[in-house]
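final20.txt, holding compact mmCIF, C-alpha atoms:
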# COMPACT_ATOMS: atom_id res chain seq x y z
CA MET A 18 0.00 0.00 0.00
CA LYS A 19 1.36 3.42 -0.96
CA ASP A 20 1.82 6.31 1.41
CA ARG A 21 -0.07 4.76 4.34
CA LYS A 22 0.77 7.58 6.73
CA ALA A 23 -0.68 10.24 4.43
CA MET A 24 -3.73 8.09 3.79
CA ALA A 25 -4.33 7.59 7.53
CA GLY A 26 -4.23 11.34 8.10
CA LEU A 27 -6.65 11.94 5.27
CA LEU A 28 -9.01 9.21 6.48
CA ALA A 29 -9.00 10.46 10.08
CA ALA A 30 -9.86 13.98 8.95
CA VAL A 31 -12.65 12.79 6.70
CA LEU A 32 -14.21 10.35 9.17
CA ALA A 33 -14.33 13.02 11.83
CA THR A 34 -16.76 14.97 9.65
CA LEU A 35 -19.06 12.06 8.76
CA PRO A 36 -22.44 11.79 10.52
CA SER A 37 -23.58 8.51 12.01
CA CYS A 38 -25.97 6.45 9.92
CA LYS A 39 -28.60 6.19 12.61
CA GLY A 40 -31.07 9.04 12.84
CA GLU A 41 -29.35 11.14 10.19
CA ASP A 42 -30.87 12.28 6.95
CA PRO A 43 -28.85 11.75 3.78
CA LEU A 44 -27.48 14.81 2.01
CA PRO A 45 -28.91 14.69 -1.50
CA GLN A 46 -27.87 18.27 -2.29
CA THR A 47 -24.25 17.48 -1.46
CA GLN A 48 -24.45 14.32 -3.52
CA GLN A 49 -25.79 16.26 -6.47
CA GLN A 50 -23.12 18.93 -6.16
CA LEU A 51 -20.37 16.32 -6.02
CA GLY A 52 -21.83 14.20 -8.79
CA ILE A 53 -22.15 11.01 -6.72
CA ASP A 54 -22.98 8.24 -9.16
CA LEU A 55 -23.79 4.58 -8.51
CA LYS A 56 -21.99 3.32 -11.60
CA GLU A 57 -18.91 5.39 -10.84
CA PHE A 58 -18.65 4.07 -7.31
CA ALA A 59 -19.19 0.49 -8.53
CA ILE A 60 -16.18 0.89 -10.82
CA ILE A 61 -14.10 2.42 -8.02
CA LEU A 62 -15.03 -0.35 -5.57
CA SER A 63 -14.23 -3.06 -8.11
CA SER A 64 -10.79 -1.49 -8.58
CA VAL A 65 -9.98 -1.45 -4.86
CA PRO A 66 -7.50 -4.27 -4.01
CA MET A 67 -9.74 -6.27 -1.65
CA GLY A 68 -9.28 -9.69 -0.15
CA LYS A 69 -11.08 -12.15 2.08
CA ALA A 70 -10.91 -9.85 5.12
CA GLN A 71 -12.95 -7.20 3.31
CA TYR A 72 -15.39 -9.77 1.89
CA ASP A 73 -15.92 -11.04 5.43
CA GLU A 74 -16.63 -7.52 6.65
CA VAL A 75 -19.37 -6.99 4.07
CA TYR A 76 -20.75 -10.47 4.77
CA ASP A 77 -20.88 -9.70 8.51
CA ALA A 78 -22.69 -6.44 7.87
CA VAL A 79 -25.38 -7.86 5.57
CA ASN A 80 -26.01 -10.70 8.03
CA CYS A 81 -26.35 -8.17 10.83
CA SER A 82 -28.96 -6.33 8.73
CA VAL A 83 -30.84 -9.57 8.05
CA SER A 84 -30.87 -10.47 11.74
CA ASN A 85 -32.58 -7.13 12.38
CA GLY A 86 -35.25 -7.84 9.78
CA TYR A 87 -33.79 -5.77 6.93
CA ASP A 88 -32.44 -6.73 3.52
CA GLU A 89 -28.91 -8.00 2.80
CA GLU A 90 -27.44 -4.50 2.89
CA TYR A 91 -24.41 -2.56 4.14
CA MET A 92 -24.90 1.19 4.10
CA LEU A 93 -21.89 3.33 3.23
CA CYS A 94 -22.52 5.56 6.22
CA ASP A 95 -22.01 2.46 8.39
CA LEU A 96 -19.07 1.29 6.29
CA PHE A 97 -17.23 4.55 6.98
CA SER A 98 -18.34 5.18 10.56
CA ASP A 99 -18.70 1.67 12.04
CA PRO A 100 -17.17 -1.10 9.89
CA GLY A 101 -19.14 -4.33 9.88
CA ALA A 102 -22.33 -2.79 11.25
CA GLY A 103 -25.62 -3.60 9.59
CA VAL A 104 -28.87 -1.64 9.50
CA GLY A 105 -30.55 -1.49 12.90
CA PRO A 106 -29.15 -2.07 16.39
CA LYS A 107 -25.94 -4.08 16.68
CA ASP A 108 -26.92 -6.33 19.62
CA GLY A 109 -23.58 -8.09 19.55
CA THR A 110 -24.12 -9.63 16.11
CA ARG A 111 -20.51 -8.96 15.19
CA ALA A 112 -17.30 -8.04 17.00
CA THR A 113 -16.82 -4.27 17.00
CA GLY A 114 -13.33 -3.23 16.01
CA SER A 115 -12.32 -6.67 14.77
CA TYR A 116 -11.29 -5.49 11.29
CA THR A 117 -7.56 -4.72 11.15
CA GLU A 118 -7.85 -3.30 7.63
CA PRO A 119 -11.47 -2.28 7.08
CA LEU A 120 -12.82 -1.67 3.61
CA ARG A 121 -13.12 2.07 4.28
CA ASP A 122 -9.31 2.33 4.56
CA LEU A 123 -8.80 0.71 1.18
CA ILE A 124 -11.45 2.90 -0.45
CA ALA A 125 -9.89 6.03 1.04
CA GLU A 126 -6.43 5.02 -0.14
CA TYR A 127 -7.63 4.24 -3.64
CA VAL A 128 -9.59 7.50 -3.95
CA LYS A 129 -6.55 9.41 -2.72
CA SER A 130 -4.38 7.73 -5.33
CA MET A 131 -6.82 8.86 -8.01
CA GLY A 132 -6.47 12.49 -7.09
CA THR A 133 -9.17 14.53 -8.74
CA ARG A 134 -11.45 12.38 -10.86
CA ALA A 135 -11.41 12.55 -14.64
CA GLY A 136 -13.91 15.10 -15.86
CA ASP A 137 -14.37 16.55 -12.35
CA ALA A 138 -11.26 18.64 -11.90
CA GLY A 139 -12.94 20.69 -9.17
CA LEU A 140 -13.46 17.68 -6.89
CA ASN A 141 -11.03 16.39 -4.30
CA PRO A 142 -10.69 13.10 -2.43
CA GLU A 143 -11.79 14.54 0.92
CA SER A 144 -15.04 15.90 -0.51
CA TYR A 145 -15.78 12.73 -2.41
CA LEU A 146 -15.22 10.47 0.60
CA GLU A 147 -17.26 12.74 2.84
CA SER A 148 -20.11 12.64 0.35
CA LEU A 149 -20.00 8.85 0.14
CA GLY A 150 -20.18 8.52 3.92
CA SER A 151 -23.11 10.94 4.12
CA SER A 152 -25.13 9.34 1.33
CA ASP A 153 -27.94 6.79 1.24
CA MET A 154 -25.82 4.48 -0.93
CA GLN A 155 -25.13 0.92 0.11
CA ILE A 156 -23.69 -2.43 -0.89
CA TYR A 157 -26.55 -4.87 -1.47
CA TRP A 158 -25.60 -8.55 -1.55
CA PRO A 159 -28.50 -10.72 -2.79
CA TYR A 160 -28.31 -14.44 -2.04
CA SER A 161 -25.39 -13.83 0.31
CA ASP A 162 -26.30 -16.97 2.26
CA SER A 163 -24.96 -19.09 -0.62
CA TRP A 164 -21.47 -17.49 -0.59
CA ASP A 165 -18.67 -20.06 -0.32
CA GLY A 166 -16.56 -17.80 1.90
CA GLU A 167 -13.81 -17.33 -0.69
CA THR A 168 -15.01 -16.22 -4.14
CA ALA A 169 -14.52 -12.53 -4.96
CA PRO A 170 -17.70 -10.64 -5.87
CA ILE A 171 -18.74 -9.09 -9.15
CA ILE A 172 -19.68 -5.49 -8.45
CA THR A 173 -22.60 -3.91 -10.31
CA PHE A 174 -25.10 -1.08 -9.78
CA ASP A 175 -28.81 -0.35 -10.06
CA PRO A 176 -29.36 1.74 -13.23
CA GLY A 177 -32.70 2.88 -11.83
CA ASP A 178 -34.72 2.14 -14.98
CA ASP A 179 -36.35 -1.13 -13.86
CA SER A 180 -33.77 -3.11 -15.81
CA GLU A 181 -33.19 -6.75 -14.93
CA THR A 182 -29.57 -6.62 -16.11
CA SER A 183 -26.68 -4.28 -15.49
CA LYS A 184 -22.97 -3.98 -16.23
CA GLY A 185 -20.78 -5.72 -13.70
CA TYR A 186 -17.08 -5.23 -12.95
CA ARG A 187 -14.32 -7.35 -11.45
CA MET A 188 -10.54 -7.39 -11.55
CA VAL A 189 -9.01 -10.34 -13.40
CA ARG A 190 -5.46 -11.44 -14.09
CA ARG A 191 -4.68 -11.95 -17.79
CA ASN A 192 -1.31 -12.36 -19.46
CA GLY A 193 0.51 -11.28 -16.34
CA LYS A 194 -1.55 -8.08 -16.02
CA THR A 195 -4.49 -7.11 -13.82
CA GLU A 196 -7.34 -5.52 -15.72
CA LEU A 197 -10.96 -4.58 -15.17
CA GLU A 198 -13.39 -7.03 -16.74
CA VAL A 199 -16.84 -5.79 -17.77
CA LEU A 200 -19.68 -8.28 -18.06
CA LEU A 201 -23.49 -8.34 -18.09
CA VAL A 202 -25.02 -9.35 -14.77
CA SER A 203 -28.50 -10.75 -14.17
CA GLU A 204 -30.29 -12.25 -11.19
CA ALA A 205 -29.30 -15.68 -12.48
CA THR A 206 -25.68 -14.57 -12.12
CA ALA A 207 -26.28 -13.49 -8.52
CA LYS A 208 -27.73 -16.91 -7.69
CA LYS A 209 -24.57 -18.66 -8.95
CA GLU A 210 -21.78 -16.39 -7.73
CA PRO A 211 -21.41 -13.44 -5.35
CA VAL A 212 -22.64 -10.12 -6.70
CA TRP A 213 -22.54 -6.81 -4.86
CA VAL A 214 -25.05 -4.25 -6.10
CA ILE A 215 -24.46 -0.56 -5.44
CA ASN A 216 -27.90 0.94 -4.89
CA ARG A 217 -29.71 3.24 -2.48
CA ASN A 218 -31.30 2.44 0.86
CA SER A 219 -34.96 3.28 1.44
CA ASP A 220 -35.89 1.21 4.50
CA SER A 221 -33.37 2.01 7.23
CA SER A 222 -35.64 4.60 8.88
CA HIS A 223 -38.48 2.07 9.28
CA THR A 224 -38.83 -0.31 12.21
CA THR A 225 -39.07 -3.92 11.13
CA LEU A 226 -41.35 -6.51 12.66
CA GLU A 227 -38.26 -8.26 14.03
CA LEU A 228 -37.27 -5.16 16.00
CA LEU A 229 -40.83 -4.71 17.24
CA ARG A 230 -40.77 -8.30 18.50
CA ARG A 231 -37.73 -7.46 20.59
CA GLU A 232 -39.69 -4.60 22.13
CA HIS A 233 -42.61 -6.98 22.77
CA PRO A 234 -41.18 -10.35 23.88
CA ASP A 235 -44.70 -11.76 24.32
CA TRP A 236 -44.96 -11.96 20.51
CA GLU A 237 -42.16 -14.53 20.48
CA THR A 238 -40.36 -15.21 17.21
CA GLY A 239 -43.19 -15.83 14.78
CA GLY A 240 -45.17 -18.97 14.19
CA GLY A 241 -45.47 -19.64 17.92
CA SER A 242 -48.15 -18.74 20.42
CA VAL A 243 -49.26 -15.15 20.94
CA VAL A 244 -49.40 -14.39 24.64
CA ILE A 245 -51.93 -11.79 25.83
CA GLY A 246 -54.08 -11.27 28.88
CA LYS A 247 -56.88 -13.78 29.37
CA THR A 248 -59.63 -11.41 30.45
CA LYS A 249 -60.59 -7.82 29.88
CA ALA A 250 -59.19 -5.18 32.17
CA GLY A 251 -61.31 -4.86 35.29
CA GLU A 252 -62.78 -8.37 35.11
CA ASP A 253 -61.63 -11.28 37.16
CA GLU A 254 -60.19 -14.39 35.59
CA GLU A 255 -63.03 -16.71 36.62
CA GLY A 256 -66.17 -16.09 34.59
CA GLY A 257 -64.73 -13.05 32.83
CA ALA A 258 -65.63 -12.40 29.21
CA LYS A 259 -63.21 -13.98 26.77
CA ILE A 260 -61.15 -11.88 24.40
CA LYS A 261 -61.08 -12.39 20.66
CA THR A 262 -57.77 -11.39 19.12
CA LEU A 263 -57.12 -10.97 15.41
CA ILE A 264 -53.70 -12.33 14.45
CA LEU A 265 -51.94 -12.33 11.10
CA LYS A 266 -50.24 -15.71 11.28
CA GLU A 267 -48.43 -16.03 7.94
CA PHE A 268 -47.47 -13.84 4.99
CA LYS A 269 -46.42 -14.97 1.52
CA ALA A 270 -45.45 -12.71 -1.39
CA ARG A 271 -46.06 -14.46 -4.69
CA ARG A 272 -43.89 -12.06 -6.68
CA PRO A 273 -41.26 -9.37 -6.05
CA TYR A 274 -42.38 -5.77 -6.50
CA ASP A 275 -38.99 -4.35 -7.44
CA THR A 276 -36.23 -5.45 -9.78
CA TRP A 277 -33.56 -7.61 -8.18
CA LEU A 278 -31.08 -4.74 -8.54
CA ALA A 279 -33.25 -2.57 -6.28
CA GLY A 280 -33.40 -5.21 -3.55
CA ALA A 281 -36.14 -6.72 -1.43
CA SER A 282 -39.79 -5.76 -1.32
CA GLU A 283 -40.81 -3.83 1.80
CA PHE A 284 -44.46 -4.48 2.60
CA PHE A 285 -46.42 -2.40 5.08
CA VAL A 286 -49.35 -4.09 6.79
CA LYS A 287 -51.82 -1.63 8.31
CA CYS A 288 -55.03 -2.24 10.19
CA GLY A 289 -57.48 0.35 11.56
CA SER A 290 -60.01 -0.66 14.19
CA VAL A 291 -61.74 0.36 17.41
CA GLU A 292 -60.18 -1.76 20.14
CA ASP A 293 -62.25 -3.14 23.03
CA PHE A 294 -65.44 -1.51 21.74
CA SER A 295 -68.36 -1.71 24.19
CA ALA A 296 -70.48 1.41 23.55
CA SER A 297 -74.20 1.12 24.21
CA THR A 298 -75.30 4.43 22.66
CA GLU A 299 -74.41 6.40 19.56
CA ALA A 300 -73.11 9.20 21.78
CA GLU A 301 -70.65 6.81 23.43
CA LEU A 302 -69.31 5.91 19.98
CA GLN A 303 -67.83 9.40 19.77
CA LEU A 304 -65.66 8.63 22.80
CA TYR A 305 -63.72 5.96 20.87
CA ASN A 306 -60.77 6.76 18.65
CA PRO A 307 -59.68 4.26 15.99
CA SER A 308 -56.26 2.72 16.53
CA ILE A 309 -53.86 1.85 13.72
CA THR A 310 -51.56 -1.16 13.76
CA ASP A 311 -48.64 -0.73 11.36
CA PHE A 312 -45.91 -3.29 10.60
CA MET A 313 -43.18 -3.53 7.98
CA VAL A 314 -42.10 -6.91 6.66
CA VAL A 315 -39.09 -7.24 4.35
CA VAL A 316 -39.37 -10.08 1.84
CA ARG A 317 -35.91 -10.86 0.49
CA ARG A 318 -35.44 -12.28 -2.99
CA ASN A 319 -34.91 -15.81 -1.72
CA GLN A 320 -38.12 -15.58 0.36
CA VAL A 321 -40.48 -14.85 -2.54
CA GLY A 322 -43.00 -17.69 -2.78
CA GLU A 323 -42.26 -18.86 0.76
CA SER A 324 -44.65 -18.58 3.68
CA ILE A 325 -43.13 -16.31 6.33
CA PRO A 326 -44.32 -16.69 9.95
CA PHE A 327 -45.75 -13.28 10.87
CA ASN A 328 -47.55 -13.99 14.13
CA ALA A 329 -48.46 -10.39 14.93
CA VAL A 330 -51.54 -9.06 16.69
CA LEU A 331 -53.59 -6.75 14.46
CA VAL A 332 -56.51 -6.18 16.84
CA SER A 333 -55.84 -7.22 20.42
CA GLN A 334 -59.45 -7.00 21.67
CA TRP A 335 -62.02 -7.74 18.97
CA THR A 336 -65.40 -7.54 20.71
CA GLU A 337 -68.70 -8.88 19.43
CA GLN A 338 -69.71 -5.33 18.51
CA LEU A 339 -66.79 -4.77 16.12
CA HIS A 340 -68.21 -5.76 12.74
CA SER A 341 -65.26 -4.92 10.47
CA CYS A 342 -61.86 -3.25 10.40
CA ALA A 343 -59.97 -1.39 7.69
CA PHE A 344 -56.98 -3.25 6.24
CA MET A 345 -54.29 -2.34 3.73
CA ILE A 346 -51.06 -3.81 2.39
CA SER A 347 -48.71 -1.58 0.42
CA GLU A 348 -45.21 -1.99 -0.99
CA ASP A 349 -42.90 0.91 -0.26
CA ASP A 350 -41.74 3.00 -3.21
CA GLY A 351 -41.38 6.36 -1.46
CA GLY A 352 -42.88 9.73 -2.27
CA THR A 353 -44.69 12.24 -0.10
CA MET A 354 -46.75 10.96 2.80
CA THR A 355 -50.48 10.85 2.24
CA SER A 356 -53.26 8.59 3.53
CA TRP A 357 -56.14 6.37 2.50
CA LYS A 358 -59.38 7.39 4.16
CA CYS A 359 -61.34 4.26 4.90
CA SER A 360 -63.83 2.99 7.42
CA GLY A 361 -64.79 0.13 9.66
CA GLU A 362 -68.08 -0.74 11.30
CA VAL A 363 -69.40 -1.36 14.78
CA LYS A 364 -72.83 -2.44 16.03
CA ILE A 365 -74.84 -0.76 18.77
CA LYS A 366 -78.16 -2.42 19.64
CA SER A 367 -78.35 -4.19 16.27
CA ARG A 368 -77.68 -0.98 14.32
CA THR A 369 -74.46 -0.60 12.34
CA TYR A 370 -72.34 2.55 12.56
CA GLY A 371 -69.23 3.39 10.60
CA PHE A 372 -66.02 4.90 11.94
CA ASP A 373 -63.43 6.68 9.80
CA VAL A 374 -59.72 5.98 9.88
CA ASN A 375 -56.79 7.30 7.81
CA LEU A 376 -54.16 4.69 6.99
CA PRO A 377 -50.81 6.29 6.03
CA ILE A 378 -49.34 5.58 2.60
CA ARG A 379 -46.74 7.25 0.37
CA ALA A 380 -47.61 8.73 -3.00
CA ARG A 381 -45.56 6.23 -5.06
CA ASP A 382 -46.34 3.12 -3.02
CA ASP A 383 -47.91 0.12 -4.73
CA VAL A 384 -51.23 -0.78 -3.13
CA VAL A 385 -51.26 -4.58 -2.91
CA TRP A 386 -54.72 -4.82 -1.32
CA ARG A 387 -57.06 -2.59 0.66
CA GLY A 388 -60.59 -2.95 1.96
CA GLN A 389 -62.60 -4.10 4.94
CA LEU A 390 -62.13 -7.32 6.87
CA ALA A 391 -65.55 -8.33 8.18
CA ALA A 392 -66.03 -10.36 11.33
CA PRO A 393 -68.13 -13.11 9.62
CA TYR A 394 -65.38 -13.60 7.02
CA LEU A 395 -62.62 -13.75 9.64
CA GLU A 396 -64.59 -16.22 11.77
CA LYS A 397 -65.35 -18.46 8.80
CA THR A 398 -61.81 -18.48 7.38
CA SER A 399 -59.82 -18.38 10.63
CA GLY A 400 -56.60 -20.34 10.12
CA GLN A 401 -57.11 -20.65 6.36
CA THR A 402 -54.93 -19.01 3.71
CA GLY A 403 -56.55 -16.46 1.39
CA ASN A 404 -55.42 -14.45 -1.62
CA PHE A 405 -55.07 -10.70 -1.23
CA GLY A 406 -53.71 -9.35 -4.49
CA ASP A 407 -50.20 -10.70 -4.97
CA VAL A 408 -49.85 -11.92 -1.40
CA GLU A 409 -51.32 -14.82 0.54
CA LEU A 410 -52.35 -14.18 4.13
CA THR A 411 -53.43 -16.42 6.97
CA PHE A 412 -55.57 -14.70 9.60
CA GLU A 413 -56.63 -16.26 12.86
CA LEU A 414 -59.35 -14.99 15.15
CA VAL A 415 -58.38 -16.53 18.46
CA GLU A 416 -60.53 -16.57 21.57
CA TYR A 417 -58.80 -16.49 24.94

Would you kindly transcribe this structure into structure tokens?
Amino acid sequence: MKDRKAMAGLLAAVLATLPSCKGEDPLPQTQQQLGIDLKEFAIILSSVPMGKAQYDEVYDAVNCSVSNGYDEEYMLCDLFSDPGAGVGPKDGTRATGSYTEPLRDLIAEYVKSMGTRAGDAGLNPESYLESLGSSDMQIYWPYSDSWDGETAPIITFDPGDDSETSKGYRMVRRNGKTELEVLLVSEATAKKEPVWVINRNSDSSHTTLELLRREHPDWETGGGSVVIGKTKAGEDEEGGAKIKTLILKEFKARRPYDTWLAGASEFFVKCGSVEDFSASTEAELQLYNPSITDFMVVVRRNQVGESIPFNAVLVSQWTEQLHSCAFMISEDDGGTMTSWKCSGEVKIKSRTYGFDVNLPIRARDDVVWRGQLAAPYLEKTSGQTGNFGDVELTFELVEY
């Protein structure tokens, strides 16, 4: 490695200015000013002289992300500020500080050796590295669980035009010389050999169902029992009225909603209802406010077509008077926040009344399914799998 001392000084100065990944907004204006480009960084990364230690670092990070319920991703803000860290809390999923030569050092050294980039004479290494570490860019490693632990990755990028193929880059040795090989990469390629995709992260600010389970240990790990109280508040255990609880037991996506280069599909499951409803007059109905249950589930490429244990409570206290709830599944594609105004129904003395609820959704999100879930339907199909657009869901109305 050339000029390590100078590189270390440069890296220390740059890293001191980089914000942490968690809780920080990316800096799109800076990226635009500095001309940050996915393809360009893919070429740079493929030219960095990496080895097994750096592959292991990326592998650790994407597995950390997966353990937290996210996709197989390693954000550059983590790469520069906390090598080996995945998206979400660390929770001891990898040994902090165990990388003697982290990937960020090699990137910094290579960028420094480049000087100002061709065609961008006004840019400098410090600014470029700072912009990388402040961006929403990441290394996405689909099918990482099939890596043999040795093979070097092909590095490609998401062109952002819904393409299913992209140019990939890797260093090869030919005729005694090292040169950059360019090849066409598809999802079939990624299933056979390691491929790192440079794309942008859109889900790190959302809380996954896995993280919510850690906050609520009673939910267990999915597919098991859901533990809740056995009687309503204020009633004793013996002879108390039983509680009906609506649970989404399993979730299956029949198709991906994004190209493989963009990563996993992030589904949002939202339910609006009036919990523990027991009004006896229309006036009392006004005292109840609808509650919204909102979960995100990440379906990775290798999980498409598989039934995923969900095991989450949608309505914890479904009384006999609650006739229907509002339900929506959307796949996240960003855009400004808006909402879908919908309604559910309750019964008071054999008369049906509606209640309004606004379920949040972003302007560019794909609506997978939305409508009302009626109590007779849920009771009749409890434990059975049904089709809801491009997903299959298994609801269970459990009485405790």

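Between atom CA of A:Leu228 and atom CA of A:Asn85 lies a distance of 6.2 Å.
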
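From atom CA of A:Glu362 back to atom CA of A:Asn306, the distance works out to 12.8 Å.
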
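With atom CA of A:Glu90 on one side and atom CA of A:Ile346 on the other, the separation reads 23.6 Å.
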
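Candidate residues A:Glu89, A:Asp179, A:Glu413, A:Glu126 were compared for distance to A:Asp275, and the nearest is A:Asp179, using only C-alpha atoms.
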
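Using all atoms listed in the file, the nearest neighbour of A:Asp162 within the list A:Arg318, A:Arg191, A:Arg368, A:Arg271 is A:Arg318.
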
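Nearest to A:Asp373 of all the residues A:Pro393, A:Gly289, A:Pro176, A:Gly400 is A:Gly289, based on only C-alpha atoms.
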
* Fewer than 3 positions away in the same chain doesn't count, so skip those; otherwise give me all residues within 7 Å of A:Ser356, counting all atoms listed in the file, as a PyMOL selection string. => chain A and resi 375-378

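Distance annotation: of A:Gln334, A:Ser347, A:Ser222, A:Ser183, the residue with the minimal separation from A:Trp277 is A:Ser183; atom set is all atoms listed in the file.
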
* Structure fact -> With distances taken over only C-alpha atoms, the candidate from A:Asp73, A:Ser84, A:Glu323, A:Gln338 nearest A:Gly101 is A:Asp73

* Go ahead and find all residues with at least one atom no further than 10 Å from (-38.7, -10.7, 5.6) in the file's coordinates, using all atoms listed in the file; report them as a PyMOL selection string. => chain A and resi 83-88+225-227+268-270+281-284+313-321+325-327

Just-selected residues, C-alpha atoms written as a compact mmCIF listing (two decimals), keeping the file's coordinate frame:
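Final file, out_16.txt:
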# COMPACT_ATOMS: atom_id res chain seq x y z
CA VAL A 83 -30.84 -9.57 8.05
CA SER A 84 -30.87 -10.47 11.74
CA ASN A 85 -32.58 -7.13 12.38
CA GLY A 86 -35.25 -7.84 9.78
CA TYR A 87 -33.79 -5.77 6.93
CA ASP A 88 -32.44 -6.73 3.52
CA THR A 225 -39.07 -3.92 11.13
CA LEU A 226 -41.35 -6.51 12.66
CA GLU A 227 -38.26 -8.26 14.03
CA PHE A 268 -47.47 -13.84 4.99
CA LYS A 269 -46.42 -14.97 1.52
CA ALA A 270 -45.45 -12.71 -1.39
CA ALA A 281 -36.14 -6.72 -1.43
CA SER A 282 -39.79 -5.76 -1.32
CA GLU A 283 -40.81 -3.83 1.80
CA PHE A 284 -44.46 -4.48 2.60
CA MET A 313 -43.18 -3.53 7.98
CA VAL A 314 -42.10 -6.91 6.66
CA VAL A 315 -39.09 -7.24 4.35
CA VAL A 316 -39.37 -10.08 1.84
CA ARG A 317 -35.91 -10.86 0.49
CA ARG A 318 -35.44 -12.28 -2.99
CA ASN A 319 -34.91 -15.81 -1.72
CA GLN A 320 -38.12 -15.58 0.36
CA VAL A 321 -40.48 -14.85 -2.54
CA ILE A 325 -43.13 -16.31 6.33
CA PRO A 326 -44.32 -16.69 9.95
CA PHE A 327 -45.75 -13.28 10.87

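If you count only C-alpha atoms and ignore residues fewer than 2 places along the chain from A:Arg217, what sits within 9 Å of it is Leu55, Met92, Ser152, Asp153, Met154, Gln155, Ile156, Tyr157, Asp175, Ile215, Ser219 and Ala279 of chain A.
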
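Counting only C-alpha atoms, the residue from A:Lys261, A:Trp386, A:Ser203, A:Asn216 that sits nearest to A:Phe285 is A:Trp386.
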
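Near A:Thr276, within 7 Å and counting all atoms listed in the file, sit A:Asp179, A:Ser180, A:Glu181, A:Tyr274, A:Leu278, A:Ala279, A:Gly280, not including residues fewer than 2 positions from it in the same chain.
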
* **Residue neighbourhood A:Thr173, 7 Å, only C-alpha atoms, exclusion window fewer than 6 positions, as an MDAnalysis selection string** => chainID A and resid 59 183:186 213:215

Atoms kept (C-alpha atoms) for selection, written as a tab-separated table (two decimals), in the frame of the given file:
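File written: result14.tsv
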chain	number	residue	atom	x	y	z
A	59	ALA	CA	-19.19	0.49	-8.53
A	183	SER	CA	-26.68	-4.28	-15.49
A	184	LYS	CA	-22.97	-3.98	-16.23
A	185	GLY	CA	-20.78	-5.72	-13.70
A	186	TYR	CA	-17.08	-5.23	-12.95
A	213	TRP	CA	-22.54	-6.81	-4.86
A	214	VAL	CA	-25.05	-4.25	-6.10
A	215	ILE	CA	-24.46	-0.56	-5.44

* Just the residues within 10 Å of A:Leu395, please, counting all atoms listed in the file, with nothing from its chain fewer than 3 positions along; format it as an NGL selection string. => :A and (263 or 341 or 390-392 or 398-401 or 411-414)
